[in-house]
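Here the structure is laid out as structure tokens; the discussion comes afterwards.
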Amino acid sequence: MQKIAVFGGTGMTGQCAVRHALARNLKVRLLIRDEATVPEDFKEKVELVKGNVLNLSDCKATVAGVDAVVVVLGTRNDLKATTDLSEGMKNIIAAMKEANLKKVSVCLSAFLFYEPEKVPKIFTELNADHQREFDAVKASDLDYRCVLPPHIADEPSAEFEVMHDKSPGRSISKLDLGKFLVDCLEQEEHSRKTIGLATKK
């Protein structure tokens, strides 16, 4: 793996994924809507594609010629009803298929481990779109890693635990989550798995 595309690379977790990939000497391409959101510390080190994940042609341009894809789509604390995450994911899947690209890690939410009625009401609408996003990935023939983090903490890196099909704890450092989203692409034990991870207490 030499080059990756990152969708959502200017968000809190996405920035951590980008920085870790660069530290590993990977080439990185980002799809961005606004160059002003790209942090100065890596703006000159990544390839930028200006566009929107809701535009299929922009997704195709972003994945062309890369080896793998990291998806960290988010709403920046906007919890109202949306279909942007799932519709964007469908475009990414279509673009990857056209490019004969298989490997993707997708950051979702540990609320997907819950029964829907147990998800806090404030997150119900956002979780519904995460579910649609999750369903689209699982229905694809991609070599996916669906990562379902708990609370993403602005904390230093720490030892963390990884489990399949359940969450091992209540929070994970944004640094560790970003790192895992990149590294798991080369870890075959996570192929086509639903993954929970959390900081060890």
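Residues are named by chain letter and number: chains run A, B, ... in the order of the structure tokens, numbers start at 1 in each chain, and ligands are numbered from 1 in the order shown.
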Item to check | Contact residues around segment 128-132 of chain A with only C-alpha atoms at 8 Å, ignoring same-chain residues under 3 positions, as a list in words | outcome: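 My reading of the contact set: Ala81, Thr82, Thr83, Asp84, Leu85, Ser86, Leu108, Ser109, Leu112, Thr124, Glu125, Asp135 and Ala136 of chain A.
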Item to check | Selection: 9 Å around Ile152 of chain A, only C-alpha atoms, excl. self and same-chain fewer than 2 positions, as JSON, numbers by chain | outcome: {"A": [13, 149, 150, 154, 155, 170, 171, 172, 173, 174, 177]}
Checklist entry - Could you pull out all residues of chain A with a DSSP call of strand (DSSP E or B) and give them as a PyMOL selection string? => result chain A and resi 3-7+27-32+47-50+68-71+103-107+143-147+151-153+160-164+171-173+193-199
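Minimum atom-to-atom distances from A:Cys16, A:Val28, A:Val66, A:Ala94 to Val53 of chain A were compared using only C-alpha atoms, and the lowest value belongs to A:Ala94.
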Next on the checklist: Report, in Å to a single decimal, how far apart atom CA of Cys59 of chain A and atom CA of Lys27 of chain A are.
Outcome noted: 17.3 Å
Next on the checklist: List as a list in words the protein and nucleic acid residues near Ser167 of chain A, meaning an atom at most 12 Å away when only C-alpha atoms are counted, but skip any in the same chain fewer than 4 places from it.
Outcome noted: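 Skipping anything fewer than 4 positions along the chain leaves Ser109, Ala110, Phe111, Leu112, Phe113, Tyr114, Val147, Leu148, Pro149, Pro150, His151, Phe160, Glu161, Val162, Met163, Ser171, Ile172, Thr194, Ile195, Gly196, Leu197, Ala198, Thr199 and Lys200 of chain A.
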Next on the checklist: Just to confirm, what's the straight-line distance from atom CA of Gln2 of chain A to atom CA of Leu22 of chain A in Å (one decimal)?
Outcome noted: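 Value for the atom CA of Gln2 of chain A-atom CA of Leu22 of chain A distance: 10.5 Å.
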